[in-house]
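Visitor: One structure coming up, written as structure tokens, with questions to follow.
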Amino acid sequence: MAGKRHCCPLLSVRPLRCLVDEKFEVVVQFLLPGLPVTLHAQLQSEDGDFWEAFGHYVSDASGSVKVSEDASIGGSYDGLEPMGLLWSMRPIPGSRTGLRFRKKDVFKPTYVHISMYEGHLTEGFREKCPLASVVAQRWYISPGVQRVDVREKGLKGTLFIPPGPGPFPAVLDLWGGEGGLVEFRSALLASHGYIALTLEYIGLMDANGKPHNVDNDYFEAAFSVLTQHPQVCPDRVAMMGLSFGVSVILGMAAYSSVIKPICLVCISGCHVVPVNRPLADVFNEIKKNVKNTRYDEEQRIIWRDLLLPIPDDPSKKVEMGHIKCPLLLIVGEDDQNWPASESAEDMKQMMEQAGNSHLLTILSYPQAGHLIEPPYSPHTRASDFMLAETKATVVVLWGGKTVPHSKAQEDSWHKTLAFLEQHLYSSGTVVSKSNY
């Protein structure tokens with residue numbers, strides 16, 4: 001009987017199909033008691049690269065392993081880590097350097113192949129035959145969410161709309177200095193009941209193929225598109241920014257007569273930016289400090305010093321006293337790309353002096369880096385980065401240590417959703433949220 005149990009293990013993952021910010025349960029049954037096994041997870045990115053994670057376990061007296069209750073004693077993560085098979089993923093040995101996992105087509109799931117092997121393995125998974133395997137689907141978008149291209153008013157963006165008639169609260173979602181149209185966070189926000197508009201604003205080209213630098217009117221047009229949408233509650237629109245996107249949304253909230261957000265979520269950003277100036281002027285100001293660029297021992301770029309020290313000159317940073325809505329700052333204390341910690345401290349002091357610090361919430365995470373993304377996303381300490389102007393590729397150090405950074409991603413995302421719900425929903429609004 002024992003031999004039969006050893007030959008016919010059962011590996012299960014529940015749920016098999018869910019959103020990327022949801023936990024799953026990995027369980028192995030019908031093993032011999034005290035059997036060392038390796039649980040291995042692998043996915044293939046849309047660029048064709050393979051990522052993997054693995055944990056070493058020993059079956060209990062009943063011949064079972066439950067990842068949510070049993071500790072890994074080795075592998076790419078240690079200890080009791082229910083989602084370690086996802087957040088500890090890294091490119092497989094022999095992969096290209098400089099990789100960063102980013103979802104592009106949100107209408108296709110990420111397939112995670114989870115396998116179990118006898119013994120405690122650290123390599124050669126492709127050459128081994130697993131005792132059991134299962135494939136889980138991780139989605140950035142719920143059933144029924146619509147994707148709409150936005151090209152009106154000279155904009156280049158994508159709108160995600162939850163299922164149902166609405167009206168819904170909305171979020172204007174801005175990414176950072178690498179440019180491009182990044183959709184996965186907006187798709188996930190729509191899956192939680194928000195109309196979300198993600199906007200491309202760096203590296204745009206005009207009709208003649210020449211670089212087009214947007215000004216403040218561009219962001220005001222985007223905000224107006226949201227507030228005027230028939231399914232949006234016009235007085236319940238928030239703004240969310242990562243990295244350079246934070247500088248943009250803080251400036252718009254402080255100085256624009258058109259943009260009046262109900263709340264702001266700022267991730268890994270800074271308020272040091274020439275006051276009420278177009279983006280071209282902002283980038284030119286940053287370039288003046290290019291001499292402050294540093295490199296680590298592997299010659300990876302550290303850009304955080306470009307904005308240090310935080311200036312005292314009020315014309316060189318957003319007047320935080322002008323912020324009239326709740327503000328959530330998310331800070332990685334090991335951010336090597338942007339001086340998020342120093343900026344958050346200065347913003348706090350400015351708001352205390354202005355008397356509006358009651359609007360400010362700071363989530364500061366020791367040993368977390370710059371790229372704070374939705375939970376269970378693989379931590380990337382450094383990766384290739386394409387410069388928007390020259391299209392040259394450099395390697396940028398983002399910072400962070402894998403375990404605390406991953407904990408920060410999980411904690412900050414759930415607190416972000418709670419913050420948005422607190423300020424964008426009321427008892428009089430009923431929204432149907434789709435889930436798998």
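We name chains A, B, ... following the order of the structure tokens; residues begin at 1 in each chain, and ligands are numbered from 1 as shown.
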For region 181-187 of chain A, please output as a ChimeraX atom specification all residues within 10 Å (counting only C-alpha atoms; exclusion window: fewer than 3 positions along the same chain).

Guide: /A:102-107,139-142,145-147,156-162,171-176,178,190-192,194-202,240,373-374

Visitor: Write out as a list in words the residues lying within 8 Å of Leu43 (chain A), counting only C-alpha atoms and excluding same-chain residues fewer than 2 positions away.

Guide: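 Counting only C-alpha atoms, the residues come to Ala41, Ser45, Phe50, Trp51, Glu52, Thr110, Tyr111, Val112 and His113 of chain A.
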
Visitor: Residues as selected, N, CA and C atoms, written as a CSV table (one decimal), in the first residue's frame, can you do that?

Guide:
```
chain,number,residue,atom,x,y,z
A,41,ALA,N,8.1,25.5,-9.8
A,41,ALA,CA,7.2,26.3,-10.6
A,41,ALA,C,8.0,27.0,-11.8
A,45,SER,N,7.7,33.8,-20.2
A,45,SER,CA,7.2,35.1,-20.5
A,45,SER,C,6.9,35.3,-22.0
A,50,PHE,N,12.2,31.8,-19.8
A,50,PHE,CA,11.7,30.9,-18.8
A,50,PHE,C,12.1,31.4,-17.4
A,51,TRP,N,11.2,31.4,-16.5
A,51,TRP,CA,11.4,31.8,-15.1
A,51,TRP,C,11.0,30.6,-14.2
A,52,GLU,N,11.7,30.5,-13.1
A,52,GLU,CA,11.4,29.3,-12.2
A,52,GLU,C,11.6,29.7,-10.8
A,110,THR,N,-1.0,34.0,-17.7
A,110,THR,CA,0.3,33.5,-17.5
A,110,THR,C,0.1,32.0,-17.0
A,111,TYR,N,0.7,31.1,-17.7
A,111,TYR,CA,0.6,29.7,-17.4
A,111,TYR,C,1.7,29.3,-16.5
A,112,VAL,N,1.4,28.9,-15.3
A,112,VAL,CA,2.4,28.5,-14.3
A,112,VAL,C,2.4,27.0,-14.2
A,113,HIS,N,3.5,26.3,-14.6
A,113,HIS,CA,3.6,24.9,-14.6
A,113,HIS,C,4.2,24.5,-13.2
```

Visitor: Could you give me, as a PyMOL selection string, the residues within 12 Å of Gly154 (chain A), counting only C-alpha atoms and dropping anything in the same chain fewer than 2 positions from it?

Guide: chain A and resi 150-152+156-157+199-201+204-207+212+214-215+217-222+225

Visitor: A:Leu417, A:Ile249, A:Cys129, A:Glu342: which is nearest Leu188 (chain A), counting only C-alpha atoms?

Guide: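 Looking only at the distances to Leu188 (chain A), the closest residue turns out to be A:Leu417.
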
Visitor: Region 19-112 of chain A: which residues are strand (DSSP E) by DSSP, as number ranges by chain?

Guide: A: 19, 25-29, 36-44, 50-58, 65-66, 90-91, 110-112

Visitor: Store the residues picked out above, limited to C-alpha atoms, as a short mmCIF file (atom, residue, chain, number, x, y, z; two decimals), in the first residue's frame.

Guide:
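Contents of result_31.cif, freshly written:
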```
data_model
loop_
_atom_site.label_atom_id
_atom_site.label_comp_id
_atom_site.auth_asym_id
_atom_site.auth_seq_id
_atom_site.Cartn_x
_atom_site.Cartn_y
_atom_site.Cartn_z
CA LEU A 19 -6.25 36.86 -10.66
CA GLU A 25 -3.06 26.66 -2.34
CA VAL A 26 -0.55 23.99 -3.41
CA VAL A 27 -1.05 20.57 -1.82
CA VAL A 28 0.59 17.17 -2.35
CA GLN A 29 -1.07 13.99 -1.07
CA PRO A 36 11.93 14.68 0.64
CA VAL A 37 10.37 16.36 -2.40
CA THR A 38 10.92 19.47 -4.50
CA LEU A 39 8.07 21.64 -5.68
CA HIS A 40 9.04 23.52 -8.85
CA ALA A 41 7.19 26.31 -10.64
CA GLN A 42 8.00 27.54 -14.14
CA LEU A 43 6.50 30.02 -16.56
CA GLN A 44 7.43 31.39 -19.95
CA PHE A 50 11.68 30.93 -18.80
CA TRP A 51 11.40 31.81 -15.10
CA GLU A 52 11.45 29.34 -12.24
CA ALA A 53 11.20 28.93 -8.47
CA PHE A 54 11.43 25.87 -6.25
CA GLY A 55 11.10 24.83 -2.63
CA HIS A 56 12.32 21.79 -0.71
CA TYR A 57 9.80 20.02 1.49
CA VAL A 58 9.45 16.82 3.53
CA VAL A 65 2.77 18.58 1.88
CA LYS A 66 0.71 21.77 2.17
CA ARG A 90 14.03 34.15 -11.41
CA PRO A 91 15.26 33.47 -14.95
CA THR A 110 0.28 33.45 -17.48
CA TYR A 111 0.56 29.68 -17.37
CA VAL A 112 2.43 28.47 -14.30
#
```

Visitor: Give the answer as one residue: which of A:Leu35, A:Met252, A:Leu279, A:Val273 has the shortest atom-to-atom distance to Lys324 (chain A), using only C-alpha atoms?

Guide: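 Among A:Leu35, A:Met252, A:Leu279, A:Val273, it is A:Met252 that comes nearest to Lys324 (chain A).
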
Visitor: Within 10 Å of Pro274 (chain A), counting only C-alpha atoms, which residues qualify if same-chain residues fewer than 4 places away don't, as a PyMOL selection string?

Guide: chain A and resi 247+251+278-279+281-283+285-286+314-318

Visitor: Write out as a list in words each polymer residue whose atoms come within 9 Å of His379 (chain A), counting only C-alpha atoms; drop sequence neighbours fewer than 2 positions from it.

Guide: Trp87, Ser88, Met89, Arg90, Arg100, Phe101, Gly369, Leu371, Ile372, Glu373, Tyr376, Ser377, Arg381, Gly400, Lys401, Thr402, Val403, His405 and Ser406 of chain A

Visitor: Could you check which of A:Ile267, A:Arg14, A:Asp346, A:Gln353 is closest to Ala368 (chain A), using only C-alpha atoms?

Guide: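 Among the listed residues, the smallest separation from Ala368 (chain A) belongs to A:Ile267.
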
Visitor: To one decimal in Å, tell me the separation between CA of Gly75 (chain A) and CA of Leu121 (chain A).

Guide: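 A separation of 8.1 Å between them.
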
Visitor: Find the residues near Asp335 (chain A): any atom within 10 Å, counting only C-alpha atoms, skip ones fewer than 3 places away on the same chain, and give them as a PyMOL selection string.

Guide: chain A and resi 268-269+302-304+331-332+338-341+365-372+381+397-400

Visitor: So how far away is CA of Thr380 (chain A) from CA of Leu11 (chain A), in Å?

Guide: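 Interatomic distance here is 29.0 Å.
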
Visitor: Mind checking DSSP for region 171-250 of chain A and telling me the alpha helix (DSSP H) residues as a PyMOL selection string?

Guide: chain A and resi 184-191+216-227+244-250

Visitor: Can you tell me, as a list in words, what residues are no more than 7 Å from Arg236 (chain A) when counting only C-alpha atoms, ignoring any on the same chain fewer than 2 positions away?

Guide: Pro169, Ala170, Cys233, Pro234, Ala238, Ile262 and Leu424 of chain A
